[in-house]
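Shown next: target01.pdb, given as PDB, C-alpha atoms.
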```pdb
ATOM      1  CA  MET A   1      -1.261  -2.036 -19.612
ATOM      2  CA  LYS A   2      -4.898  -1.411 -20.441
ATOM      3  CA  TRP A   3      -7.970  -3.195 -19.143
ATOM      4  CA  ASP A   4     -11.429  -3.495 -20.653
ATOM      5  CA  GLU A   5     -13.114  -3.199 -17.263
ATOM      6  CA  PRO A   6     -11.906  -1.703 -13.993
ATOM      7  CA  PRO A   7      -9.791  -4.398 -12.311
ATOM      8  CA  LEU A   8     -10.166  -5.081  -8.620
ATOM      9  CA  TRP A   9      -6.820  -6.674  -7.797
ATOM     10  CA  PRO A  10      -4.518  -3.682  -8.513
ATOM     11  CA  VAL A  11      -6.747  -1.524  -6.359
ATOM     12  CA  ALA A  12      -7.502  -3.875  -3.494
ATOM     13  CA  VAL A  13      -4.444  -6.138  -3.189
ATOM     14  CA  PRO A  14      -1.697  -3.499  -2.613
ATOM     15  CA  SER A  15      -3.818  -1.557  -0.166
ATOM     16  CA  LEU A  16      -4.938  -4.653   1.732
ATOM     17  CA  ALA A  17      -1.382  -6.021   1.742
ATOM     18  CA  GLY A  18      -0.095  -2.759   3.194
ATOM     19  CA  PHE A  19      -2.934  -2.712   5.709
ATOM     20  CA  ALA A  20      -2.163  -6.282   6.785
ATOM     21  CA  ALA A  21       1.573  -5.561   6.952
ATOM     22  CA  ALA A  22       0.952  -2.604   9.234
ATOM     23  CA  CYS A  23      -1.307  -4.666  11.523
ATOM     24  CA  ILE A  24       1.005  -7.708  11.788
ATOM     25  CA  PRO A  25       3.271  -6.264  14.535
ATOM     26  CA  TYR A  26       0.215  -5.643  16.684
ATOM     27  CA  VAL A  27      -1.282  -9.099  16.135
ATOM     28  CA  PHE A  28       1.926 -11.194  16.082
ATOM     29  CA  PRO A  29       4.682  -9.539  18.131
ATOM     30  CA  LYS A  30       7.595 -11.381  16.443
ATOM     31  CA  THR A  31       7.402 -12.528  12.828
ATOM     32  CA  PRO A  32      10.140 -13.568  10.400
ATOM     33  CA  GLN A  33      11.103 -11.107   7.659
ATOM     34  CA  PRO A  34       9.704 -12.057   4.201
ATOM     35  CA  GLU A  35      12.051 -12.786   1.324
ATOM     36  CA  PRO A  36      12.040 -10.252  -1.528
ATOM     37  CA  THR A  37      10.463 -11.448  -4.760
ATOM     38  CA  GLY A  38      11.573 -10.719  -8.309
ATOM     39  CA  GLY A  39       9.636  -9.670 -11.374
ATOM     40  CA  ARG A  40       9.702  -7.144 -14.154
ATOM     41  CA  ALA A  41      12.403  -4.616 -13.409
ATOM     42  CA  GLU A  42      10.326  -1.602 -14.518
ATOM     43  CA  LEU A  43       7.359  -2.631 -12.373
ATOM     44  CA  ILE A  44       9.554  -3.147  -9.307
ATOM     45  CA  LEU A  45      11.424   0.124  -9.890
ATOM     46  CA  GLY A  46       8.124   1.977 -10.262
ATOM     47  CA  ALA A  47       6.756   0.463  -7.058
ATOM     48  CA  ASN A  48       9.906   1.465  -5.170
ATOM     49  CA  ILE A  49       9.784   5.020  -6.541
ATOM     50  CA  GLY A  50       6.095   5.235  -5.580
ATOM     51  CA  MET A  51       6.837   4.067  -2.053
ATOM     52  CA  PHE A  52       9.787   6.488  -1.798
ATOM     53  CA  PHE A  53       7.505   9.336  -2.942
ATOM     54  CA  ALA A  54       4.906   8.322  -0.356
ATOM     55  CA  PHE A  55       7.210   7.709   2.633
ATOM     56  CA  PHE A  56       9.927  10.329   2.823
ATOM     57  CA  PRO A  57       7.899  13.566   2.634
ATOM     58  CA  GLN A  58       6.003  12.231   5.672
ATOM     59  CA  ALA A  59       9.031  13.121   7.824
ATOM     60  CA  ILE A  60       8.676  16.799   6.906
ATOM     61  CA  PHE A  61       4.976  17.217   6.193
ATOM     62  CA  PHE A  62       2.897  15.371   8.811
ATOM     63  CA  VAL A  63      -0.361  15.156   6.839
ATOM     64  CA  TRP A  64       1.364  13.850   3.681
ATOM     65  CA  PHE A  65      -0.407  10.506   4.104
ATOM     66  CA  ILE A  66      -3.740  12.187   3.282
ATOM     67  CA  ILE A  67      -2.339  13.472  -0.018
ATOM     68  CA  VAL A  68      -0.894  10.028  -0.834
ATOM     69  CA  ILE A  69      -4.199   8.257  -0.141
ATOM     70  CA  LEU A  70      -6.204  10.781  -2.182
ATOM     71  CA  LEU A  71      -3.697  10.613  -5.057
ATOM     72  CA  TRP A  72      -3.858   6.817  -5.064
ATOM     73  CA  LEU A  73      -7.659   6.849  -5.032
ATOM     74  CA  ALA A  74      -7.728   9.355  -7.902
ATOM     75  CA  GLN A  75      -5.332   7.197  -9.939
ATOM     76  CA  SER A  76      -7.349   4.078  -9.170
ATOM     77  CA  MET A  77     -10.381   5.608 -10.858
ATOM     78  CA  TYR A  78      -8.778   6.150 -14.262
ATOM     79  CA  VAL A  79      -5.488   4.224 -14.586
ATOM     80  CA  TRP A  80      -7.237   1.086 -15.868
ATOM     81  CA  ARG A  81      -8.680   2.958 -18.871
ATOM     82  CA  ARG A  82      -5.366   3.882 -20.463
ATOM     83  CA  ASN A  83      -2.357   1.955 -21.660
ATOM     84  CA  TYR A  84       0.382   2.936 -19.220
ATOM     85  CA  PRO A  85       3.903   1.481 -19.102
ATOM     86  CA  ALA A  86       4.891  -0.958 -16.380
ATOM     87  CA  PHE A  87       6.759   1.783 -14.488
ATOM     88  CA  ARG A  88       3.563   3.838 -14.107
ATOM     89  CA  ILE A  89       1.585   0.777 -12.990
ATOM     90  CA  GLY A  90       4.340  -0.011 -10.478
ATOM     91  CA  THR A  91       4.175   3.531  -9.112
ATOM     92  CA  TRP A  92       0.414   3.145  -8.722
ATOM     93  CA  ILE A  93       0.841  -0.183  -6.912
ATOM     94  CA  GLY A  94       3.548   1.331  -4.660
ATOM     95  CA  LEU A  95       1.273   4.217  -3.705
ATOM     96  CA  GLY A  96      -1.510   1.713  -2.976
ATOM     97  CA  ALA A  97       0.755  -0.338  -0.743
ATOM     98  CA  VAL A  98       1.867   2.706   1.227
ATOM     99  CA  SER A  99      -1.722   3.945   1.474
ATOM    100  CA  GLY A 100      -2.598   0.603   3.034
ATOM    101  CA  LEU A 101       0.363   0.938   5.392
ATOM    102  CA  PHE A 102      -0.765   4.371   6.524
ATOM    103  CA  ILE A 103      -4.365   3.267   7.061
ATOM    104  CA  GLY A 104      -3.281  -0.017   8.665
ATOM    105  CA  GLY A 105      -0.834   1.791  10.941
ATOM    106  CA  LEU A 106      -3.564   4.093  12.152
ATOM    107  CA  PHE A 107      -5.940   1.141  12.606
ATOM    108  CA  GLY A 108      -3.320  -0.896  14.452
ATOM    109  CA  HIS A 109      -2.306   1.970  16.697
ATOM    110  CA  LEU A 110      -5.804   3.235  17.492
ATOM    111  CA  ILE A 111      -7.905   0.050  17.400
ATOM    112  CA  LEU A 112      -5.677  -2.989  17.996
ATOM    113  CA  VAL A 113      -3.651  -1.564  20.891
TER     114      VAL A 113
END
```
Written form, structure tokens:
Amino acid sequence: MKWDEPPLWPVAVPSLAGFAAACIPYVFPKTPQPEPTGGRAELILGANIGMFFAFFPQAIFFVWFIIVILLWLAQSMYVWRRNYPAFRIGTWIGLGAVSGLFIGGLFGHLILV
């Protein structure tokens, strides 16, 4: 995928969705679980790999979330200029979603409690 101009939705939507998902338990104590959605297999696989890469090292290395957020921001600055495969775009979206979860979790725990 390649864009002529920097797109806003792949940068803002995953991060805001992760942020909102992290804040939901603090705002609404009991919510139903969402149904999984389908789509291009490569994009979904890339997003899952990106989220796996962002989540699991956090158990060993406490400040891993800072690296994930900085990596996602760095990718967001240049990924729109090149023609990457769907897997790479999915990885970028997965990192954005987890970055939003980390930031939203901190916001929910420190501000909304």
### Task
Step by step, work through what the PyMOL selection byres ((chain A and resi 20) around 10) selects in the shown file, and finish by giving those residues as a PyMOL selection string.
chain A and resi 14-19+21-25+27+100-101+103-105+108
#### Entry: Given only C-alpha atoms as the counted atoms, nearest of A:Trp3, A:Val98, A:His109, A:Ala47 to Ile67 in chain A
A:Val98
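Distance-wise, CA of Ser76 in chain A and CA of Pro57 in chain A end up 21.5 Å apart.
Candidate residues A:Val113, A:Val11, A:Trp64, A:Phe52 were compared for distance to Trp92 in chain A, and the nearest is A:Val11, using only C-alpha atoms.
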#### Entry: Selected residue, from A:Ala86, A:Ala41, A:Ala97, A:Leu8, that lies nearest to Phe65 in chain A when counting only C-alpha atoms
A:Ala97
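Nearest residue to Leu106 in chain A, choosing from A:Tyr26, A:Thr91, A:Val79, A:Ala74 and counting only C-alpha atoms: A:Tyr26.
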For range 52-65 of chain A, supply N, CA and C atoms and report the output as a PDB file, in the frame of the given file.
```
ATOM      1  N   PHE A  52       8.869   5.424  -2.215  1.00  0.00           N
ATOM      2  CA  PHE A  52       9.787   6.488  -1.798  1.00  0.00           C
ATOM      3  C   PHE A  52       9.053   7.826  -1.780  1.00  0.00           C
ATOM      4  N   PHE A  53       8.281   8.103  -2.842  1.00  0.00           N
ATOM      5  CA  PHE A  53       7.505   9.336  -2.942  1.00  0.00           C
ATOM      6  C   PHE A  53       6.478   9.431  -1.813  1.00  0.00           C
ATOM      7  N   ALA A  54       5.937   8.320  -1.389  1.00  0.00           N
ATOM      8  CA  ALA A  54       4.906   8.322  -0.356  1.00  0.00           C
ATOM      9  C   ALA A  54       5.478   8.382   1.059  1.00  0.00           C
ATOM     10  N   PHE A  55       6.658   7.791   1.277  1.00  0.00           N
ATOM     11  CA  PHE A  55       7.210   7.709   2.633  1.00  0.00           C
ATOM     12  C   PHE A  55       7.982   8.947   3.076  1.00  0.00           C
ATOM     13  N   PHE A  56       8.966   9.357   2.322  1.00  0.00           N
ATOM     14  CA  PHE A  56       9.927  10.329   2.823  1.00  0.00           C
ATOM     15  C   PHE A  56       9.384  11.736   3.060  1.00  0.00           C
ATOM     16  N   PRO A  57       8.462  12.252   2.276  1.00  0.00           N
ATOM     17  CA  PRO A  57       7.899  13.566   2.634  1.00  0.00           C
ATOM     18  C   PRO A  57       7.121  13.543   3.955  1.00  0.00           C
ATOM     19  N   GLN A  58       6.729  12.363   4.403  1.00  0.00           N
ATOM     20  CA  GLN A  58       6.003  12.231   5.672  1.00  0.00           C
ATOM     21  C   GLN A  58       6.844  12.742   6.841  1.00  0.00           C
ATOM     22  N   ALA A  59       8.160  12.650   6.748  1.00  0.00           N
ATOM     23  CA  ALA A  59       9.031  13.121   7.824  1.00  0.00           C
ATOM     24  C   ALA A  59       8.988  14.639   7.967  1.00  0.00           C
ATOM     25  N   ILE A  60       8.700  15.337   6.885  1.00  0.00           N
ATOM     26  CA  ILE A  60       8.676  16.799   6.906  1.00  0.00           C
ATOM     27  C   ILE A  60       7.254  17.335   7.025  1.00  0.00           C
ATOM     28  N   PHE A  61       6.359  16.736   6.285  1.00  0.00           N
ATOM     29  CA  PHE A  61       4.976  17.217   6.193  1.00  0.00           C
ATOM     30  C   PHE A  61       4.066  16.162   6.805  1.00  0.00           C
ATOM     31  N   PHE A  62       3.600  16.390   8.033  1.00  0.00           N
ATOM     32  CA  PHE A  62       2.897  15.371   8.811  1.00  0.00           C
ATOM     33  C   PHE A  62       1.659  14.810   8.122  1.00  0.00           C
ATOM     34  N   VAL A  63       0.884  15.629   7.445  1.00  0.00           N
ATOM     35  CA  VAL A  63      -0.361  15.156   6.839  1.00  0.00           C
ATOM     36  C   VAL A  63      -0.160  14.668   5.407  1.00  0.00           C
ATOM     37  N   TRP A  64       1.062  14.335   5.027  1.00  0.00           N
ATOM     38  CA  TRP A  64       1.364  13.850   3.681  1.00  0.00           C
ATOM     39  C   TRP A  64       0.586  12.581   3.359  1.00  0.00           C
ATOM     40  N   PHE A  65       0.308  11.757   4.361  1.00  0.00           N
ATOM     41  CA  PHE A  65      -0.407  10.506   4.104  1.00  0.00           C
ATOM     42  C   PHE A  65      -1.796  10.760   3.514  1.00  0.00           C
TER      43      PHE A  65
END
```
